[in-house]
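Only one structure is covered here, and it is reproduced in the block below.
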Amino acid sequence: MISGMIRPLARSPAARTDPQVSEQYYIERELADRLRGARSRDERRVLYGQVYREFNERVRHYDLAIQAADPVIQAAAIAPQVRLLRGFVSRQSVYCEIGAGDGAVARALAPMVSSSLAIDVTDALLRGPNPDANFRFRVFDGFDPALPPQSVDVAYSRDLVEHLQPDDMLEQTVAVARMLKAGGIYVCVTPNRLSGPHDVSRDFDDIPRGLHLKEYTATEVAQTLRKAGVGDVRVLISVGGWRLAPLLPMWTVTPLEGFLSRLPRWARRRIARLLAAVKVVGIR
């Protein structure tokens, strides 16, 4: 979904024209306004699936759709994620990816774990049969994966939480925390708002107006994880899926984010691009 929803747009040579970018911008604004205008969580529970299925029907030229249709492009695109996650899983691990899009990362990890589950609010990007007995894909409502308590060793999301209404982000994170085993981890990757916006709005606006309903700093993500009941929250530094340091305490990043937030916007956005290397890891 929500990762699987829409990755941040890449400036790829596989050419998106200006009219295509403009078309996506106006479609995203229209769909995002539906979610922002929803009066209740029950309304959004239905809307998440509808909005992202409609997005995939109306916008066929964004990166994730192109990637899902081409196995070679897909393998190259997911390689850094698989490389990163391989360091957290084992043959005994139960793995769950929330907002898994086409499920490609969870499929790639399936031979390395005992069970691999991909969930999203729509299966619009799913391609082909399941080749691995221990890989499953399931559609959910965007709120609760509905897995048994303490049943997952490693949970993962990428470019997911920014697609949720803020209250829904907390509710979903509570559900993720509940399904983690003692000592289980949640790797939460999201673009840092200090260098944003990161959705299609970045070509048009100073704030996200597309399907990124709210972007976060690493510190803000950590605060939500703690509210959700994840007691130990740390920072992972990685580039291209390669870990550059052991897990670090949050205080190594929070002062930097505070400093950057006080800079003029033009300087903040440029310097804060370095924060793309920062991922948040919660340990149950």
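In the structure tokens, chains take the letters A, B, ... in the order shown, each chain's residues start at 1, and ligands count up from 1 in the order shown.
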(request) Skip Ala175 in chain A itself and residues of its chain fewer than 4 positions away, then list as a ChimeraX atom specification all residues within 7 Å of it, counting only C-alpha atoms. (result) /A:144,171,179
(message) Env of range 42-56 of chain A: 6 Å cut, atoms = only C-alpha atoms, seq-sep filter 6 positions within chain, self excluded. Answer as a list of chain:residue names.
(response)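 My reading of the contact set: A:Val121, A:Thr122, A:Asp141.
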Those of range 160-268 of chain A in DSSP strand (DSSP E), formatted as a compact mmCIF listing (two decimals) with N, CA and C atoms, in the first residue's frame:
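Resulting contents of states03.txt:
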```txt
# COMPACT_ATOMS: atom_id res chain seq x y z
N LEU A 180 4.69 -8.06 17.18
CA LEU A 180 6.10 -8.42 17.32
C LEU A 180 6.33 -9.33 18.52
N LYS A 181 7.20 -10.30 18.34
CA LYS A 181 7.65 -11.12 19.47
C LYS A 181 8.55 -10.29 20.37
N ALA A 182 8.75 -10.76 21.59
CA ALA A 182 9.73 -10.11 22.47
C ALA A 182 11.09 -10.15 21.78
N GLY A 183 11.73 -9.00 21.66
CA GLY A 183 12.99 -8.93 20.95
C GLY A 183 12.84 -8.76 19.45
N GLY A 184 11.58 -8.79 18.95
CA GLY A 184 11.34 -8.58 17.53
C GLY A 184 11.60 -7.14 17.14
N ILE A 185 11.82 -6.92 15.85
CA ILE A 185 12.18 -5.57 15.39
C ILE A 185 11.22 -5.08 14.31
N TYR A 186 11.10 -3.76 14.26
CA TYR A 186 10.36 -3.09 13.20
C TYR A 186 11.29 -2.09 12.54
N VAL A 187 11.63 -2.35 11.28
CA VAL A 187 12.46 -1.43 10.50
C VAL A 187 11.51 -0.52 9.73
N CYS A 188 11.52 0.76 10.10
CA CYS A 188 10.58 1.73 9.53
C CYS A 188 11.36 2.75 8.71
N VAL A 189 11.21 2.70 7.40
CA VAL A 189 11.95 3.59 6.49
C VAL A 189 10.95 4.57 5.87
N ASP A 232 12.43 0.25 22.91
CA ASP A 232 13.81 0.54 22.51
C ASP A 232 13.82 0.97 21.05
N VAL A 233 14.13 2.23 20.79
CA VAL A 233 14.13 2.75 19.42
C VAL A 233 15.54 3.24 19.10
N ARG A 234 16.05 2.79 17.97
CA ARG A 234 17.42 3.12 17.59
C ARG A 234 17.49 3.60 16.14
N VAL A 235 18.68 4.01 15.76
CA VAL A 235 18.93 4.54 14.43
C VAL A 235 19.83 3.58 13.66
N LEU A 236 19.46 3.32 12.43
CA LEU A 236 20.27 2.52 11.52
C LEU A 236 20.78 3.44 10.42
N ILE A 237 22.08 3.42 10.18
CA ILE A 237 22.68 4.20 9.11
C ILE A 237 23.06 3.25 8.00
N SER A 238 22.48 3.46 6.82
CA SER A 238 22.79 2.58 5.69
C SER A 238 22.67 3.34 4.38
N VAL A 239 23.44 2.92 3.41
CA VAL A 239 23.39 3.47 2.06
C VAL A 239 23.42 2.29 1.09
N TRP A 242 23.76 -1.17 2.51
CA TRP A 242 24.95 -1.51 3.28
C TRP A 242 24.92 -0.76 4.61
N ARG A 243 25.02 -1.50 5.69
CA ARG A 243 25.03 -0.86 7.01
C ARG A 243 26.39 -0.23 7.25
N LEU A 248 22.46 2.70 16.52
CA LEU A 248 22.86 3.82 17.37
C LEU A 248 21.66 4.34 18.17
N PRO A 249 21.89 4.99 19.30
CA PRO A 249 20.78 5.59 20.05
C PRO A 249 20.21 6.79 19.30
```
(request) List every residue of range 104-184 of chain A that DSSP, applied to the backbone, labels as alpha helix (DSSP H), and write the result as JSON, numbers by chain. (result) {"A": [104, 105, 106, 107, 108, 109, 166, 167, 168, 169, 170, 171, 172, 173, 174, 175, 176, 177, 178, 179]}
Write out, as a PDB file, in the first residue's frame, the residues just selected, with N, CA and C atoms.
```
ATOM      1  N   ALA A 104       7.528  -7.756  -3.942  1.00  0.00           N
ATOM      2  CA  ALA A 104       8.794  -8.271  -4.475  1.00  0.00           C
ATOM      3  C   ALA A 104       9.848  -8.475  -3.394  1.00  0.00           C
ATOM      4  N   VAL A 105       9.926  -7.578  -2.429  1.00  0.00           N
ATOM      5  CA  VAL A 105      10.924  -7.732  -1.370  1.00  0.00           C
ATOM      6  C   VAL A 105      10.605  -8.958  -0.524  1.00  0.00           C
ATOM      7  N   ALA A 106       9.344  -9.109  -0.143  1.00  0.00           N
ATOM      8  CA  ALA A 106       8.953 -10.271   0.660  1.00  0.00           C
ATOM      9  C   ALA A 106       9.157 -11.577  -0.106  1.00  0.00           C
ATOM     10  N   ARG A 107       8.920 -11.582  -1.401  1.00  0.00           N
ATOM     11  CA  ARG A 107       9.185 -12.770  -2.222  1.00  0.00           C
ATOM     12  C   ARG A 107      10.671 -13.110  -2.212  1.00  0.00           C
ATOM     13  N   ALA A 108      11.507 -12.070  -2.371  1.00  0.00           N
ATOM     14  CA  ALA A 108      12.951 -12.301  -2.420  1.00  0.00           C
ATOM     15  C   ALA A 108      13.479 -12.833  -1.092  1.00  0.00           C
ATOM     16  N   LEU A 109      12.848 -12.418   0.006  1.00  0.00           N
ATOM     17  CA  LEU A 109      13.292 -12.874   1.330  1.00  0.00           C
ATOM     18  C   LEU A 109      12.740 -14.247   1.694  1.00  0.00           C
ATOM     19  N   PRO A 166      -2.155  11.038  10.258  1.00  0.00           N
ATOM     20  CA  PRO A 166      -1.317  10.902  11.461  1.00  0.00           C
ATOM     21  C   PRO A 166      -1.926  10.005  12.547  1.00  0.00           C
ATOM     22  N   ASP A 167      -3.221  10.150  12.814  1.00  0.00           N
ATOM     23  CA  ASP A 167      -3.847   9.286  13.829  1.00  0.00           C
ATOM     24  C   ASP A 167      -3.817   7.825  13.393  1.00  0.00           C
ATOM     25  N   ASP A 168      -3.955   7.596  12.104  1.00  0.00           N
ATOM     26  CA  ASP A 168      -3.937   6.232  11.584  1.00  0.00           C
ATOM     27  C   ASP A 168      -2.537   5.638  11.674  1.00  0.00           C
ATOM     28  N   MET A 169      -1.534   6.483  11.521  1.00  0.00           N
ATOM     29  CA  MET A 169      -0.156   6.004  11.659  1.00  0.00           C
ATOM     30  C   MET A 169       0.057   5.422  13.052  1.00  0.00           C
ATOM     31  N   LEU A 170      -0.397   6.134  14.075  1.00  0.00           N
ATOM     32  CA  LEU A 170      -0.229   5.628  15.438  1.00  0.00           C
ATOM     33  C   LEU A 170      -0.992   4.320  15.625  1.00  0.00           C
ATOM     34  N   GLU A 171      -2.219   4.270  15.147  1.00  0.00           N
ATOM     35  CA  GLU A 171      -3.011   3.052  15.308  1.00  0.00           C
ATOM     36  C   GLU A 171      -2.358   1.866  14.605  1.00  0.00           C
ATOM     37  N   GLN A 172      -1.864   2.108  13.390  1.00  0.00           N
ATOM     38  CA  GLN A 172      -1.193   1.017  12.679  1.00  0.00           C
ATOM     39  C   GLN A 172       0.075   0.578  13.406  1.00  0.00           C
ATOM     40  N   THR A 173       0.838   1.546  13.936  1.00  0.00           N
ATOM     41  CA  THR A 173       2.080   1.214  14.632  1.00  0.00           C
ATOM     42  C   THR A 173       1.805   0.427  15.904  1.00  0.00           C
ATOM     43  N   VAL A 174       0.707   0.750  16.589  1.00  0.00           N
ATOM     44  CA  VAL A 174       0.300  -0.040  17.762  1.00  0.00           C
ATOM     45  C   VAL A 174       0.057  -1.495  17.353  1.00  0.00           C
ATOM     46  N   ALA A 175      -0.611  -1.681  16.218  1.00  0.00           N
ATOM     47  CA  ALA A 175      -0.892  -3.045  15.737  1.00  0.00           C
ATOM     48  C   ALA A 175       0.397  -3.771  15.375  1.00  0.00           C
ATOM     49  N   VAL A 176       1.344  -3.056  14.765  1.00  0.00           N
ATOM     50  CA  VAL A 176       2.631  -3.670  14.425  1.00  0.00           C
ATOM     51  C   VAL A 176       3.380  -4.056  15.695  1.00  0.00           C
ATOM     52  N   ALA A 177       3.398  -3.161  16.676  1.00  0.00           N
ATOM     53  CA  ALA A 177       4.085  -3.461  17.942  1.00  0.00           C
ATOM     54  C   ALA A 177       3.464  -4.687  18.617  1.00  0.00           C
ATOM     55  N   ARG A 178       2.150  -4.797  18.549  1.00  0.00           N
ATOM     56  CA  ARG A 178       1.462  -5.913  19.190  1.00  0.00           C
ATOM     57  C   ARG A 178       1.839  -7.247  18.556  1.00  0.00           C
ATOM     58  N   MET A 179       2.068  -7.256  17.245  1.00  0.00           N
ATOM     59  CA  MET A 179       2.342  -8.538  16.577  1.00  0.00           C
ATOM     60  C   MET A 179       3.803  -8.966  16.701  1.00  0.00           C
TER      61      MET A 179
END
```
(request) List the neighbours of Val59 in chain A out to 10 Å using only C-alpha atoms; skip same-chain residues closer than 5 positions along the sequence, and give me the result as JSON, numbers by chain. (result) {"A": [20, 21, 23, 24, 27, 28, 54, 65]}
Selected residues, N, CA and C atoms, written as a tab-separated table (two decimals), in the first residue's frame, please.
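Result file is result.tsv:
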```
chain	number	residue	atom	x	y	z
A	20	GLN	N	3.16	14.02	-18.04
A	20	GLN	CA	2.88	12.87	-17.18
A	20	GLN	C	3.04	13.23	-15.71
A	21	VAL	N	4.08	13.99	-15.39
A	21	VAL	CA	4.29	14.41	-14.01
A	21	VAL	C	3.14	15.31	-13.56
A	23	GLU	N	0.10	15.38	-14.76
A	23	GLU	CA	-1.10	14.55	-14.63
A	23	GLU	C	-1.10	13.83	-13.28
A	24	GLN	N	0.03	13.25	-12.91
A	24	GLN	CA	0.10	12.54	-11.63
A	24	GLN	C	-0.15	13.50	-10.47
A	27	ILE	N	-3.88	14.18	-10.16
A	27	ILE	CA	-4.58	12.98	-9.71
A	27	ILE	C	-4.30	12.72	-8.23
A	28	GLU	N	-3.04	12.84	-7.85
A	28	GLU	CA	-2.71	12.63	-6.43
A	28	GLU	C	-3.41	13.62	-5.53
A	54	GLU	N	-7.49	3.00	-7.38
A	54	GLU	CA	-7.80	3.98	-8.42
A	54	GLU	C	-6.53	4.66	-8.92
A	65	ALA	N	5.02	1.05	-10.80
A	65	ALA	CA	4.26	0.28	-11.80
A	65	ALA	C	5.18	-0.25	-12.89
```
(message) With only C-alpha atoms as the counted atoms, please give the residues lying no more than 12 Å from Val200 in chain A, apart from itself and same-chain residues fewer than 2 positions off, as a VMD selection string.
(response) chain A and resid 6 to 11 18 20 to 29 32 62 to 63 196 to 198 202 to 213
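Closest approach to Arg265 in chain A among A:Lys279, A:Arg193, A:Arg41, A:His61: A:Arg193, based on only C-alpha atoms.
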(request) Write out as a VMD selection string each polymer residue whose atoms come within 9 Å of Gln92 in chain A, counting only C-alpha atoms; drop sequence neighbours fewer than 5 positions from it. (result) chain A and resid 112 to 115 153
Would you save the residues of that selection, restricted to N, CA and C atoms, as a PDB file, in the first residue's frame?
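The result, written out as again-v2.pdb:
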```pdb
ATOM      1  N   MET A 112      14.886 -17.141   2.616  1.00  0.00           N
ATOM      2  CA  MET A 112      15.805 -16.894   3.729  1.00  0.00           C
ATOM      3  C   MET A 112      15.126 -16.983   5.089  1.00  0.00           C
ATOM      4  N   VAL A 113      13.783 -17.153   5.107  1.00  0.00           N
ATOM      5  CA  VAL A 113      13.038 -17.121   6.362  1.00  0.00           C
ATOM      6  C   VAL A 113      12.082 -18.309   6.437  1.00  0.00           C
ATOM      7  N   SER A 114      11.464 -18.491   7.576  1.00  0.00           N
ATOM      8  CA  SER A 114      10.511 -19.598   7.696  1.00  0.00           C
ATOM      9  C   SER A 114       9.156 -19.229   7.120  1.00  0.00           C
ATOM     10  N   SER A 115       8.813 -17.923   7.167  1.00  0.00           N
ATOM     11  CA  SER A 115       7.535 -17.463   6.642  1.00  0.00           C
ATOM     12  C   SER A 115       7.661 -16.002   6.253  1.00  0.00           C
ATOM     13  N   ASP A 153       8.825 -11.898  13.901  1.00  0.00           N
ATOM     14  CA  ASP A 153      10.189 -11.576  14.329  1.00  0.00           C
ATOM     15  C   ASP A 153      10.675 -10.254  13.733  1.00  0.00           C
TER      16      ASP A 153
END
```
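You will find CA of Glu220 in chain A at 9.2 Å from CA of Thr254 in chain A.
Computed from the coordinates, the CA of Gln150 in chain A to CA of Arg136 in chain A distance equals 18.6 Å.
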